[in-house]
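Chemist: Next comes structure12.tsv, TSV, N, CA and C atoms:
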```
chain	number	residue	atom	x	y	z
K	556	MET	N	-12.79	-4.21	22.46
K	556	MET	CA	-11.84	-5.26	22.76
K	556	MET	C	-11.72	-6.19	21.55
K	557	VAL	N	-10.54	-6.70	21.33
K	557	VAL	CA	-10.28	-7.66	20.26
K	557	VAL	C	-10.08	-9.03	20.90
K	558	GLU	N	-10.82	-9.98	20.37
K	558	GLU	CA	-10.76	-11.36	20.83
K	558	GLU	C	-10.37	-12.21	19.63
K	559	LEU	N	-9.34	-13.04	19.78
K	559	LEU	CA	-8.83	-13.83	18.68
K	559	LEU	C	-8.67	-15.27	19.14
K	560	HIS	N	-9.26	-16.21	18.40
K	560	HIS	CA	-9.15	-17.64	18.73
K	560	HIS	C	-8.88	-18.40	17.44
K	561	GLY	N	-8.06	-19.41	17.51
K	561	GLY	CA	-7.84	-20.18	16.30
K	561	GLY	C	-7.01	-21.43	16.49
K	562	TRP	N	-7.04	-22.23	15.46
K	562	TRP	CA	-6.23	-23.45	15.38
K	562	TRP	C	-5.78	-23.64	13.94
K	563	VAL	N	-4.60	-24.20	13.78
K	563	VAL	CA	-4.08	-24.50	12.45
K	563	VAL	C	-3.34	-25.83	12.54
K	564	THR	N	-3.74	-26.78	11.72
K	564	THR	CA	-2.99	-28.03	11.60
K	564	THR	C	-1.84	-27.76	10.63
K	565	ILE	N	-0.62	-28.04	11.08
K	565	ILE	CA	0.57	-27.73	10.28
K	565	ILE	C	0.90	-28.91	9.38
K	566	GLN	N	0.90	-28.66	8.07
K	566	GLN	CA	1.28	-29.69	7.10
K	566	GLN	C	2.15	-29.07	6.03
K	567	GLU	N	3.14	-29.84	5.62
K	567	GLU	CA	4.10	-29.36	4.64
K	567	GLU	C	3.46	-29.13	3.27
K	568	SER	N	2.58	-30.02	2.86
K	568	SER	CA	2.08	-30.00	1.49
K	568	SER	C	0.57	-30.22	1.46
K	569	CYS	N	-0.04	-29.79	0.37
K	569	CYS	CA	-1.48	-30.02	0.15
K	569	CYS	C	-1.73	-31.41	-0.40
K	570	ARG	N	-0.69	-32.13	-0.76
K	570	ARG	CA	-0.85	-33.47	-1.34
K	570	ARG	C	-1.01	-34.50	-0.23
K	571	ILE	N	-2.00	-35.35	-0.38
K	571	ILE	CA	-2.30	-36.36	0.63
K	571	ILE	C	-1.18	-37.38	0.77
K	572	ASP	N	-0.52	-37.74	-0.34
K	572	ASP	CA	0.46	-38.82	-0.31
K	572	ASP	C	1.89	-38.38	0.01
K	573	ASP	N	2.12	-37.13	0.35
K	573	ASP	CA	3.46	-36.68	0.71
K	573	ASP	C	3.88	-37.29	2.04
K	574	GLU	N	5.17	-37.63	2.14
K	574	GLU	CA	5.71	-38.22	3.36
K	574	GLU	C	5.94	-37.20	4.47
K	575	GLU	N	6.10	-35.94	4.08
K	575	GLU	CA	6.35	-34.86	5.02
K	575	GLU	C	7.58	-35.12	5.89
K	576	GLU	N	8.67	-35.49	5.23
K	576	GLU	CA	9.91	-35.77	5.94
K	576	GLU	C	10.47	-34.54	6.65
K	577	SER	N	10.17	-33.35	6.16
K	577	SER	CA	10.77	-32.15	6.73
K	577	SER	C	9.83	-31.41	7.69
K	578	ILE	N	8.76	-32.04	8.14
K	578	ILE	CA	7.82	-31.35	9.02
K	578	ILE	C	8.50	-30.89	10.31
K	579	GLU	N	9.44	-31.66	10.82
K	579	GLU	CA	10.15	-31.25	12.04
K	579	GLU	C	10.94	-29.97	11.81
K	580	GLN	N	11.55	-29.84	10.62
K	580	GLN	CA	12.27	-28.61	10.28
K	580	GLN	C	11.31	-27.43	10.19
K	581	ILE	N	10.16	-27.66	9.59
K	581	ILE	CA	9.17	-26.60	9.46
K	581	ILE	C	8.69	-26.16	10.83
K	582	VAL	N	8.39	-27.11	11.70
K	582	VAL	CA	7.93	-26.78	13.06
K	582	VAL	C	9.01	-26.00	13.80
K	583	ARG	N	10.26	-26.40	13.63
K	583	ARG	CA	11.37	-25.69	14.27
K	583	ARG	C	11.42	-24.23	13.80
K	584	LYS	N	11.28	-24.01	12.49
K	584	LYS	CA	11.26	-22.64	11.94
K	584	LYS	C	10.10	-21.83	12.50
K	585	LEU	N	8.93	-22.45	12.57
K	585	LEU	CA	7.75	-21.74	13.08
K	585	LEU	C	7.92	-21.39	14.55
K	586	LYS	N	8.49	-22.31	15.32
K	586	LYS	CA	8.72	-22.02	16.75
K	586	LYS	C	9.75	-20.90	16.93
K	587	GLU	N	10.74	-20.86	16.06
K	587	GLU	CA	11.72	-19.76	16.10
K	587	GLU	C	11.02	-18.43	15.84
K	588	GLN	N	10.13	-18.42	14.86
K	588	GLN	CA	9.36	-17.20	14.56
K	588	GLN	C	8.54	-16.77	15.77
K	589	ILE	N	7.89	-17.72	16.42
K	589	ILE	CA	7.07	-17.41	17.60
K	589	ILE	C	7.94	-16.83	18.71
K	590	SER	N	9.10	-17.43	18.93
K	590	SER	CA	9.96	-16.95	20.02
K	590	SER	C	10.48	-15.53	19.76
K	591	GLY	N	10.53	-15.11	18.50
K	591	GLY	CA	10.98	-13.77	18.16
K	591	GLY	C	9.88	-12.72	18.16
K	592	MET	N	8.65	-13.16	18.39
K	592	MET	CA	7.53	-12.22	18.38
K	592	MET	C	7.44	-11.50	19.71
K	593	SER	N	6.92	-10.26	19.66
K	593	SER	CA	6.83	-9.47	20.89
K	593	SER	C	5.78	-10.04	21.83
K	594	GLY	N	4.61	-10.40	21.29
K	594	GLY	CA	3.56	-11.01	22.11
K	594	GLY	C	3.17	-10.16	23.29
K	595	GLY	N	2.34	-10.72	24.11
K	595	GLY	CA	1.89	-9.99	25.30
K	595	GLY	C	1.52	-10.97	26.38
K	596	GLY	N	1.44	-10.51	27.59
K	596	GLY	CA	1.11	-11.36	28.72
K	596	GLY	C	-0.24	-12.03	28.55
K	597	GLY	N	-0.29	-13.32	28.79
K	597	GLY	CA	-1.54	-14.06	28.76
K	597	GLY	C	-1.95	-14.57	27.39
K	598	ASP	N	-1.29	-14.12	26.32
K	598	ASP	CA	-1.63	-14.61	24.99
K	598	ASP	C	-1.10	-16.02	24.80
K	599	ILE	N	-1.79	-16.78	23.97
K	599	ILE	CA	-1.35	-18.13	23.65
K	599	ILE	C	-1.07	-18.20	22.16
K	600	LEU	N	0.14	-18.54	21.82
K	600	LEU	CA	0.55	-18.80	20.45
K	600	LEU	C	1.54	-19.94	20.58
K	601	ASP	N	1.06	-21.15	20.33
K	601	ASP	CA	1.82	-22.33	20.71
K	601	ASP	C	1.68	-23.43	19.66
K	602	ILE	N	2.78	-24.12	19.39
K	602	ILE	CA	2.75	-25.28	18.51
K	602	ILE	C	3.03	-26.51	19.37
K	603	ARG	N	2.15	-27.48	19.26
K	603	ARG	CA	2.30	-28.75	19.97
K	603	ARG	C	1.99	-29.89	19.02
K	604	TYR	N	2.23	-31.09	19.51
K	604	TYR	CA	1.90	-32.29	18.74
K	604	TYR	C	0.77	-33.03	19.45
K	605	CYS	N	-0.14	-33.56	18.64
K	605	CYS	CA	-1.20	-34.41	19.16
K	605	CYS	C	-1.30	-35.59	18.20
K	606	ASN	N	-1.13	-36.79	18.72
K	606	ASN	CA	-1.16	-38.00	17.90
K	606	ASN	C	-0.18	-37.91	16.73
K	607	GLY	N	0.97	-37.29	16.98
K	607	GLY	CA	2.02	-37.19	15.98
K	607	GLY	C	1.88	-36.06	14.98
K	608	GLU	N	0.82	-35.27	15.08
K	608	GLU	CA	0.59	-34.18	14.14
K	608	GLU	C	0.79	-32.83	14.82
K	609	PRO	N	1.56	-31.92	14.19
K	609	PRO	CA	1.75	-30.59	14.79
K	609	PRO	C	0.55	-29.68	14.52
K	610	PHE	N	0.21	-28.89	15.53
K	610	PHE	CA	-0.88	-27.93	15.37
K	610	PHE	C	-0.56	-26.67	16.15
K	611	LEU	N	-1.10	-25.57	15.67
K	611	LEU	CA	-0.91	-24.25	16.26
K	611	LEU	C	-2.20	-23.86	16.97
K	612	THR	N	-2.07	-23.31	18.16
K	612	THR	CA	-3.21	-22.79	18.91
K	612	THR	C	-2.98	-21.30	19.14
K	613	ILE	N	-4.05	-20.52	18.94
K	613	ILE	CA	-3.97	-19.07	19.13
K	613	ILE	C	-5.13	-18.63	20.01
K	614	THR	N	-4.81	-17.88	21.05
K	614	THR	CA	-5.82	-17.20	21.86
K	614	THR	C	-5.23	-15.86	22.27
K	615	MET	N	-5.99	-14.80	22.03
K	615	MET	CA	-5.48	-13.47	22.32
K	615	MET	C	-6.64	-12.54	22.67
K	616	PHE	N	-6.46	-11.74	23.70
K	616	PHE	CA	-7.41	-10.69	24.06
K	616	PHE	C	-6.62	-9.39	24.17
K	617	LYS	N	-7.00	-8.39	23.40
K	617	LYS	CA	-6.33	-7.09	23.42
K	617	LYS	C	-7.40	-6.00	23.52
K	618	ASN	N	-7.00	-4.84	24.01
K	618	ASN	CA	-7.95	-3.73	24.11
K	618	ASN	C	-8.41	-3.24	22.74
K	619	ARG	N	-7.52	-3.35	21.75
K	619	ARG	CA	-7.85	-2.92	20.39
K	619	ARG	C	-6.85	-3.55	19.44
K	620	ILE	N	-7.09	-3.40	18.13
K	620	ILE	CA	-6.13	-3.87	17.14
K	620	ILE	C	-4.82	-3.13	17.39
K	621	ASN	N	-3.75	-3.88	17.55
K	621	ASN	CA	-2.44	-3.28	17.79
K	621	ASN	C	-1.37	-4.10	17.09
K	622	SER	N	-0.12	-3.79	17.35
K	622	SER	CA	0.97	-4.47	16.66
K	622	SER	C	1.03	-5.96	17.00
K	623	ASP	N	0.58	-6.35	18.20
K	623	ASP	CA	0.57	-7.78	18.56
K	623	ASP	C	-0.41	-8.55	17.67
K	624	VAL	N	-1.58	-7.98	17.43
K	624	VAL	CA	-2.58	-8.62	16.57
K	624	VAL	C	-2.06	-8.67	15.13
K	625	GLU	N	-1.51	-7.58	14.67
K	625	GLU	CA	-0.95	-7.54	13.31
K	625	GLU	C	0.18	-8.55	13.16
K	626	GLU	N	0.99	-8.69	14.19
K	626	GLU	CA	2.10	-9.64	14.17
K	626	GLU	C	1.60	-11.08	14.04
K	627	VAL	N	0.49	-11.40	14.67
K	627	VAL	CA	-0.09	-12.74	14.56
K	627	VAL	C	-0.50	-13.02	13.12
K	628	PHE	N	-1.13	-12.04	12.47
K	628	PHE	CA	-1.54	-12.25	11.08
K	628	PHE	C	-0.33	-12.32	10.14
K	629	GLU	N	0.73	-11.59	10.44
K	629	GLU	CA	1.98	-11.73	9.67
K	629	GLU	C	2.55	-13.13	9.86
K	630	PHE	N	2.49	-13.63	11.09
K	630	PHE	CA	2.96	-14.99	11.36
K	630	PHE	C	2.12	-16.02	10.59
K	631	LEU	N	0.81	-15.82	10.54
K	631	LEU	CA	-0.05	-16.75	9.80
K	631	LEU	C	0.30	-16.75	8.31
K	632	GLU	N	0.65	-15.59	7.76
K	632	GLU	CA	1.11	-15.52	6.38
K	632	GLU	C	2.40	-16.34	6.21
K	633	TYR	N	3.28	-16.25	7.20
K	633	TYR	CA	4.53	-17.02	7.18
K	633	TYR	C	4.22	-18.52	7.22
K	634	VAL	N	3.26	-18.92	8.05
K	634	VAL	CA	2.85	-20.33	8.12
K	634	VAL	C	2.39	-20.79	6.74
K	635	CYS	N	1.56	-19.99	6.09
K	635	CYS	CA	1.04	-20.33	4.76
K	635	CYS	C	2.16	-20.51	3.74
K	636	LYS	N	3.17	-19.67	3.82
K	636	LYS	CA	4.28	-19.74	2.89
K	636	LYS	C	5.21	-20.92	3.21
K	637	THR	N	5.47	-21.15	4.49
K	637	THR	CA	6.41	-22.18	4.93
K	637	THR	C	5.81	-23.58	4.89
K	638	ALA	N	4.52	-23.67	5.20
K	638	ALA	CA	3.83	-24.96	5.24
K	638	ALA	C	2.49	-24.82	4.52
K	639	PRO	N	2.52	-24.78	3.18
K	639	PRO	CA	1.30	-24.48	2.42
K	639	PRO	C	0.19	-25.53	2.51
K	640	GLY	N	0.48	-26.67	3.07
K	640	GLY	CA	-0.55	-27.69	3.27
K	640	GLY	C	-1.33	-27.49	4.56
K	641	SER	N	-0.96	-26.49	5.32
K	641	SER	CA	-1.62	-26.23	6.61
K	641	SER	C	-3.05	-25.76	6.38
K	642	TYR	N	-3.90	-26.06	7.36
K	642	TYR	CA	-5.29	-25.63	7.28
K	642	TYR	C	-5.82	-25.36	8.68
K	643	GLY	N	-6.79	-24.46	8.77
K	643	GLY	CA	-7.37	-24.15	10.06
K	643	GLY	C	-8.32	-22.97	9.98
K	644	MET	N	-8.76	-22.53	11.16
K	644	MET	CA	-9.74	-21.45	11.27
K	644	MET	C	-9.30	-20.46	12.34
K	645	ILE	N	-9.46	-19.19	12.05
K	645	ILE	CA	-9.18	-18.12	13.00
K	645	ILE	C	-10.45	-17.30	13.14
K	646	TYR	N	-10.90	-17.10	14.36
K	646	TYR	CA	-12.07	-16.26	14.63
K	646	TYR	C	-11.59	-15.01	15.36
K	647	MET	N	-12.05	-13.84	14.91
K	647	MET	CA	-11.67	-12.59	15.56
K	647	MET	C	-12.91	-11.72	15.74
K	648	TYR	N	-13.04	-11.18	16.94
K	648	TYR	CA	-14.12	-10.22	17.21
K	648	TYR	C	-13.48	-8.92	17.65
K	649	ASP	N	-13.84	-7.83	16.98
K	649	ASP	CA	-13.33	-6.51	17.29
K	649	ASP	C	-14.53	-5.59	17.47
K	650	ASP	N	-14.85	-5.27	18.72
K	650	ASP	CA	-16.05	-4.46	18.98
K	650	ASP	C	-15.91	-3.01	18.51
K	651	GLU	N	-14.70	-2.61	18.08
K	651	GLU	CA	-14.49	-1.27	17.55
K	651	GLU	C	-14.40	-1.26	16.02
K	652	SER	N	-14.63	-2.40	15.40
K	652	SER	CA	-14.53	-2.49	13.95
K	652	SER	C	-15.58	-1.61	13.29
K	653	VAL	N	-15.16	-0.80	12.32
K	653	VAL	CA	-16.08	0.06	11.59
K	653	VAL	C	-16.88	-0.78	10.60
K	654	LYS	N	-16.22	-1.74	9.94
K	654	LYS	CA	-16.87	-2.55	8.92
K	654	LYS	C	-17.76	-3.65	9.50
K	655	MET	N	-17.34	-4.24	10.62
K	655	MET	CA	-18.06	-5.39	11.18
K	655	MET	C	-18.17	-5.27	12.70
K	656	PRO	N	-18.85	-4.26	13.22
K	656	PRO	CA	-18.87	-4.04	14.67
K	656	PRO	C	-19.66	-5.07	15.47
K	657	ASP	N	-20.54	-5.80	14.83
K	657	ASP	CA	-21.39	-6.76	15.54
K	657	ASP	C	-21.18	-8.18	15.01
K	658	GLU	N	-20.03	-8.42	14.37
K	658	GLU	CA	-19.78	-9.72	13.76
K	658	GLU	C	-18.38	-10.23	14.07
K	659	PHE	N	-18.28	-11.53	14.17
K	659	PHE	CA	-16.97	-12.17	14.20
K	659	PHE	C	-16.44	-12.19	12.77
K	660	GLN	N	-15.16	-11.98	12.64
K	660	GLN	CA	-14.48	-12.13	11.36
K	660	GLN	C	-13.86	-13.51	11.37
K	661	VAL	N	-14.02	-14.24	10.29
K	661	VAL	CA	-13.50	-15.60	10.20
K	661	VAL	C	-12.46	-15.64	9.09
K	662	PHE	N	-11.36	-16.31	9.38
K	662	PHE	CA	-10.30	-16.47	8.39
K	662	PHE	C	-10.01	-17.96	8.26
K	663	ALA	N	-10.25	-18.49	7.07
K	663	ALA	CA	-9.97	-19.91	6.80
K	663	ALA	C	-8.59	-20.01	6.16
K	664	ILE	N	-7.79	-20.90	6.68
K	664	ILE	CA	-6.45	-21.12	6.15
K	664	ILE	C	-6.47	-22.45	5.41
K	665	ARG	N	-6.12	-22.40	4.13
K	665	ARG	CA	-6.07	-23.62	3.32
K	665	ARG	C	-5.26	-23.35	2.06
K	666	LYS	N	-4.55	-24.38	1.63
K	666	LYS	CA	-3.77	-24.33	0.38
K	666	LYS	C	-2.86	-23.11	0.28
K	667	GLY	N	-2.22	-22.77	1.39
K	667	GLY	CA	-1.22	-21.70	1.39
K	667	GLY	C	-1.75	-20.29	1.38
K	668	LYS	N	-3.05	-20.11	1.69
K	668	LYS	CA	-3.62	-18.77	1.69
K	668	LYS	C	-4.58	-18.59	2.87
K	669	ILE	N	-4.86	-17.33	3.16
K	669	ILE	CA	-5.83	-16.98	4.20
K	669	ILE	C	-7.04	-16.37	3.50
K	670	TYR	N	-8.20	-16.95	3.73
K	670	TYR	CA	-9.43	-16.50	3.09
K	670	TYR	C	-10.39	-15.93	4.13
K	671	PRO	N	-10.82	-14.67	3.96
K	671	PRO	CA	-11.86	-14.14	4.85
K	671	PRO	C	-13.20	-14.80	4.51
K	672	GLU	N	-13.93	-15.17	5.53
K	672	GLU	CA	-15.23	-15.82	5.36
K	672	GLU	C	-16.27	-15.14	6.24
K	673	ARG	N	-17.52	-15.35	5.96
K	673	ARG	CA	-18.62	-14.83	6.79
K	673	ARG	C	-18.88	-15.81	7.92
K	674	ASP	N	-19.18	-15.28	9.09
K	674	ASP	CA	-19.52	-16.12	10.24
K	674	ASP	C	-21.03	-16.32	10.29
K	675	ARG	N	-21.43	-17.57	10.38
K	675	ARG	CA	-22.86	-17.90	10.46
K	675	ARG	C	-23.26	-18.38	11.84
K	676	TYR	N	-22.31	-18.57	12.74
K	676	TYR	CA	-22.60	-19.24	13.99
K	676	TYR	C	-22.70	-18.32	15.21
K	677	LEU	N	-21.89	-17.26	15.23
K	677	LEU	CA	-21.87	-16.37	16.39
K	677	LEU	C	-22.30	-14.94	16.07
K	678	SER	N	-22.51	-14.65	14.82
K	678	SER	CA	-22.86	-13.30	14.40
K	678	SER	C	-24.29	-13.25	13.88
K	679	PRO	N	-24.99	-12.17	14.10
K	679	PRO	CA	-24.60	-10.97	14.82
K	679	PRO	C	-24.47	-11.24	16.32
K	680	VAL	N	-23.44	-10.69	16.91
K	680	VAL	CA	-23.07	-10.96	18.29
K	680	VAL	C	-24.20	-10.62	19.26
K	681	ARG	N	-24.81	-9.46	19.09
K	681	ARG	CA	-25.87	-9.05	20.03
K	681	ARG	C	-27.04	-10.01	20.05
K	682	ASN	N	-27.41	-10.55	18.91
K	682	ASN	CA	-28.55	-11.48	18.85
K	682	ASN	C	-28.18	-12.92	19.18
K	683	ARG	N	-26.99	-13.35	18.82
K	683	ARG	CA	-26.61	-14.75	18.98
K	683	ARG	C	-25.97	-15.06	20.33
K	684	ILE	N	-25.29	-14.07	20.92
K	684	ILE	CA	-24.56	-14.33	22.17
K	684	ILE	C	-25.23	-13.67	23.37
K	685	TYR	N	-25.67	-12.43	23.20
K	685	TYR	CA	-26.23	-11.67	24.32
K	685	TYR	C	-27.74	-11.58	24.24
K	686	GLU	N	-28.37	-11.54	25.39
K	686	GLU	CA	-29.82	-11.36	25.44
K	686	GLU	C	-30.15	-9.90	25.19
K	687	GLU	N	-31.25	-9.68	24.53
K	687	GLU	CA	-31.73	-8.31	24.35
K	687	GLU	C	-33.14	-8.22	24.83
```
Represent the supplied structure as structure tokens.
Modeler:
Amino acid sequence: MVELHGWVTIQESCRIDDEEESIEQIVRKLKEQISGMSGGGGDILDIRYCNGEPFLTITMFKNRINSDVEEVFEFLEYVCKTAPGSYGMIYMYDDESVKMPDEFQVFAIRKGKIYPERDRYLSPVRNRIYEE
């Protein structure tokens, strides 16, 4: 099973002093992209505002890596390109992964790119989450 959880704070620029006048336009574009995605029942891919700041929430459970999961990562690439000041974390667990079968995969989003990182908090899954 594939489990995907994440959050991304949406920001137009990496510069602290930018006014971000076009953030509403960016959010509108991102929401349009989300509405065009195939998605699946019960998945959460949503942009909301909290205290005036837009953020993306992702929650997904799939039987295996499929086009819905790939589509989410394509969307995250679009977020990085459209709003390069955005930052956040995506956690993914794939129990069928050949490379990382007992580990969460972590993806840090910052400065317009997605960086794979090692998980120190929940991996190895069998030792950290389940009793043996």
Chemist: Could you pull the residues within 5 Å of His560 (chain K), counting all atoms listed in the file, minus those fewer than 2 positions along the same chain, as a list in words?
Modeler: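 Everything that qualifies: Glu558, Trp562, Ile613, Thr614, Ile645 and Tyr646 of chain K.
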Chemist: One number please: atom C of Thr564 (chain K) to atom C of Val680 (chain K), in Å, one decimal.
Modeler: 29.5 Å
Chemist: Running DSSP on the backbone, which parts of chain K land in strand (DSSP E), as a PyMOL selection string?
Modeler: chain K and resi 557-564+599-605+608-617+642-649+659-665+668-672
Chemist: Show me the residues around (-14.6, -10.8, 9.6) - criterion: an atom at most 9 Å away, only C-alpha atoms counted - as a list in words.
Modeler: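 Result, sorted by chain then residue number: Tyr646, Met647, Tyr648, Asp649, Lys654, Met655, Glu658, Phe659, Gln660, Val661, Phe662, Pro671, Glu672, Arg673 and Asp674 of chain K.
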Chemist: Nearest to Ile669 (chain K): which of K:Leu600, K:Leu631, K:Lys584, K:Ile589 is it, counting all atoms listed in the file?
Modeler: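 Smallest separation from Ile669 (chain K) among the options: K:Leu631.
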Chemist: Have a look at K:Glu587, K:Lys668, K:Ile684, K:Pro679 and name the one nearest to Ala638 (chain K); count only N, CA and C atoms.
Modeler: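 For Ala638 (chain K), the nearest of the given residues is K:Lys668.
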Chemist: If you run DSSP on the backbone here, which positions in region 580-684 of chain K get helix (DSSP H, G or I)? Please write them as a PyMOL selection string.
Modeler: chain K and resi 580-590+622-637+680-683
Chemist: Could you write out that same residue set with N, CA and C atoms as a PDB file, keeping the file's coordinate frame?
Modeler:
```pdb
ATOM      1  N   GLN K 580      11.550 -29.840  10.620  1.00  0.00           N
ATOM      2  CA  GLN K 580      12.270 -28.610  10.280  1.00  0.00           C
ATOM      3  C   GLN K 580      11.310 -27.430  10.190  1.00  0.00           C
ATOM      4  N   ILE K 581      10.160 -27.660   9.590  1.00  0.00           N
ATOM      5  CA  ILE K 581       9.170 -26.600   9.460  1.00  0.00           C
ATOM      6  C   ILE K 581       8.690 -26.160  10.830  1.00  0.00           C
ATOM      7  N   VAL K 582       8.390 -27.110  11.700  1.00  0.00           N
ATOM      8  CA  VAL K 582       7.930 -26.780  13.060  1.00  0.00           C
ATOM      9  C   VAL K 582       9.010 -26.000  13.800  1.00  0.00           C
ATOM     10  N   ARG K 583      10.260 -26.400  13.630  1.00  0.00           N
ATOM     11  CA  ARG K 583      11.370 -25.690  14.270  1.00  0.00           C
ATOM     12  C   ARG K 583      11.420 -24.230  13.800  1.00  0.00           C
ATOM     13  N   LYS K 584      11.280 -24.010  12.490  1.00  0.00           N
ATOM     14  CA  LYS K 584      11.260 -22.640  11.940  1.00  0.00           C
ATOM     15  C   LYS K 584      10.100 -21.830  12.500  1.00  0.00           C
ATOM     16  N   LEU K 585       8.930 -22.450  12.570  1.00  0.00           N
ATOM     17  CA  LEU K 585       7.750 -21.740  13.080  1.00  0.00           C
ATOM     18  C   LEU K 585       7.920 -21.390  14.550  1.00  0.00           C
ATOM     19  N   LYS K 586       8.490 -22.310  15.320  1.00  0.00           N
ATOM     20  CA  LYS K 586       8.720 -22.020  16.750  1.00  0.00           C
ATOM     21  C   LYS K 586       9.750 -20.900  16.930  1.00  0.00           C
ATOM     22  N   GLU K 587      10.740 -20.860  16.060  1.00  0.00           N
ATOM     23  CA  GLU K 587      11.720 -19.760  16.100  1.00  0.00           C
ATOM     24  C   GLU K 587      11.020 -18.430  15.840  1.00  0.00           C
ATOM     25  N   GLN K 588      10.130 -18.420  14.860  1.00  0.00           N
ATOM     26  CA  GLN K 588       9.360 -17.200  14.560  1.00  0.00           C
ATOM     27  C   GLN K 588       8.540 -16.770  15.770  1.00  0.00           C
ATOM     28  N   ILE K 589       7.890 -17.720  16.420  1.00  0.00           N
ATOM     29  CA  ILE K 589       7.070 -17.410  17.600  1.00  0.00           C
ATOM     30  C   ILE K 589       7.940 -16.830  18.710  1.00  0.00           C
ATOM     31  N   SER K 590       9.100 -17.430  18.930  1.00  0.00           N
ATOM     32  CA  SER K 590       9.960 -16.950  20.020  1.00  0.00           C
ATOM     33  C   SER K 590      10.480 -15.530  19.760  1.00  0.00           C
ATOM     34  N   SER K 622      -0.120  -3.790  17.350  1.00  0.00           N
ATOM     35  CA  SER K 622       0.970  -4.470  16.660  1.00  0.00           C
ATOM     36  C   SER K 622       1.030  -5.960  17.000  1.00  0.00           C
ATOM     37  N   ASP K 623       0.580  -6.350  18.200  1.00  0.00           N
ATOM     38  CA  ASP K 623       0.570  -7.780  18.560  1.00  0.00           C
ATOM     39  C   ASP K 623      -0.410  -8.550  17.670  1.00  0.00           C
ATOM     40  N   VAL K 624      -1.580  -7.980  17.430  1.00  0.00           N
ATOM     41  CA  VAL K 624      -2.580  -8.620  16.570  1.00  0.00           C
ATOM     42  C   VAL K 624      -2.060  -8.670  15.130  1.00  0.00           C
ATOM     43  N   GLU K 625      -1.510  -7.580  14.670  1.00  0.00           N
ATOM     44  CA  GLU K 625      -0.950  -7.540  13.310  1.00  0.00           C
ATOM     45  C   GLU K 625       0.180  -8.550  13.160  1.00  0.00           C
ATOM     46  N   GLU K 626       0.990  -8.690  14.190  1.00  0.00           N
ATOM     47  CA  GLU K 626       2.100  -9.640  14.170  1.00  0.00           C
ATOM     48  C   GLU K 626       1.600 -11.080  14.040  1.00  0.00           C
ATOM     49  N   VAL K 627       0.490 -11.400  14.670  1.00  0.00           N
ATOM     50  CA  VAL K 627      -0.090 -12.740  14.560  1.00  0.00           C
ATOM     51  C   VAL K 627      -0.500 -13.020  13.120  1.00  0.00           C
ATOM     52  N   PHE K 628      -1.130 -12.040  12.470  1.00  0.00           N
ATOM     53  CA  PHE K 628      -1.540 -12.250  11.080  1.00  0.00           C
ATOM     54  C   PHE K 628      -0.330 -12.320  10.140  1.00  0.00           C
ATOM     55  N   GLU K 629       0.730 -11.590  10.440  1.00  0.00           N
ATOM     56  CA  GLU K 629       1.980 -11.730   9.670  1.00  0.00           C
ATOM     57  C   GLU K 629       2.550 -13.130   9.860  1.00  0.00           C
ATOM     58  N   PHE K 630       2.490 -13.630  11.090  1.00  0.00           N
ATOM     59  CA  PHE K 630       2.960 -14.990  11.360  1.00  0.00           C
ATOM     60  C   PHE K 630       2.120 -16.020  10.590  1.00  0.00           C
ATOM     61  N   LEU K 631       0.810 -15.820  10.540  1.00  0.00           N
ATOM     62  CA  LEU K 631      -0.050 -16.750   9.800  1.00  0.00           C
ATOM     63  C   LEU K 631       0.300 -16.750   8.310  1.00  0.00           C
ATOM     64  N   GLU K 632       0.650 -15.590   7.760  1.00  0.00           N
ATOM     65  CA  GLU K 632       1.110 -15.520   6.380  1.00  0.00           C
ATOM     66  C   GLU K 632       2.400 -16.340   6.210  1.00  0.00           C
ATOM     67  N   TYR K 633       3.280 -16.250   7.200  1.00  0.00           N
ATOM     68  CA  TYR K 633       4.530 -17.020   7.180  1.00  0.00           C
ATOM     69  C   TYR K 633       4.220 -18.520   7.220  1.00  0.00           C
ATOM     70  N   VAL K 634       3.260 -18.920   8.050  1.00  0.00           N
ATOM     71  CA  VAL K 634       2.850 -20.330   8.120  1.00  0.00           C
ATOM     72  C   VAL K 634       2.390 -20.790   6.740  1.00  0.00           C
ATOM     73  N   CYS K 635       1.560 -19.990   6.090  1.00  0.00           N
ATOM     74  CA  CYS K 635       1.040 -20.330   4.760  1.00  0.00           C
ATOM     75  C   CYS K 635       2.160 -20.510   3.740  1.00  0.00           C
ATOM     76  N   LYS K 636       3.170 -19.670   3.820  1.00  0.00           N
ATOM     77  CA  LYS K 636       4.280 -19.740   2.890  1.00  0.00           C
ATOM     78  C   LYS K 636       5.210 -20.920   3.210  1.00  0.00           C
ATOM     79  N   THR K 637       5.470 -21.150   4.490  1.00  0.00           N
ATOM     80  CA  THR K 637       6.410 -22.180   4.930  1.00  0.00           C
ATOM     81  C   THR K 637       5.810 -23.580   4.890  1.00  0.00           C
ATOM     82  N   VAL K 680     -23.440 -10.690  16.910  1.00  0.00           N
ATOM     83  CA  VAL K 680     -23.070 -10.960  18.290  1.00  0.00           C
ATOM     84  C   VAL K 680     -24.200 -10.620  19.260  1.00  0.00           C
ATOM     85  N   ARG K 681     -24.810  -9.460  19.090  1.00  0.00           N
ATOM     86  CA  ARG K 681     -25.870  -9.050  20.030  1.00  0.00           C
ATOM     87  C   ARG K 681     -27.040 -10.010  20.050  1.00  0.00           C
ATOM     88  N   ASN K 682     -27.410 -10.550  18.910  1.00  0.00           N
ATOM     89  CA  ASN K 682     -28.550 -11.480  18.850  1.00  0.00           C
ATOM     90  C   ASN K 682     -28.180 -12.920  19.180  1.00  0.00           C
ATOM     91  N   ARG K 683     -26.990 -13.350  18.820  1.00  0.00           N
ATOM     92  CA  ARG K 683     -26.610 -14.750  18.980  1.00  0.00           C
ATOM     93  C   ARG K 683     -25.970 -15.060  20.330  1.00  0.00           C
TER      94      ARG K 683
END
```
Chemist: Write out as a ChimeraX atom specification which residues come within 8 Å of Ile602 (chain K) when counting only N, CA and C atoms, dropping same-chain ones fewer than 3 positions away.
Modeler: /K:582,585-586,599,605,609-613
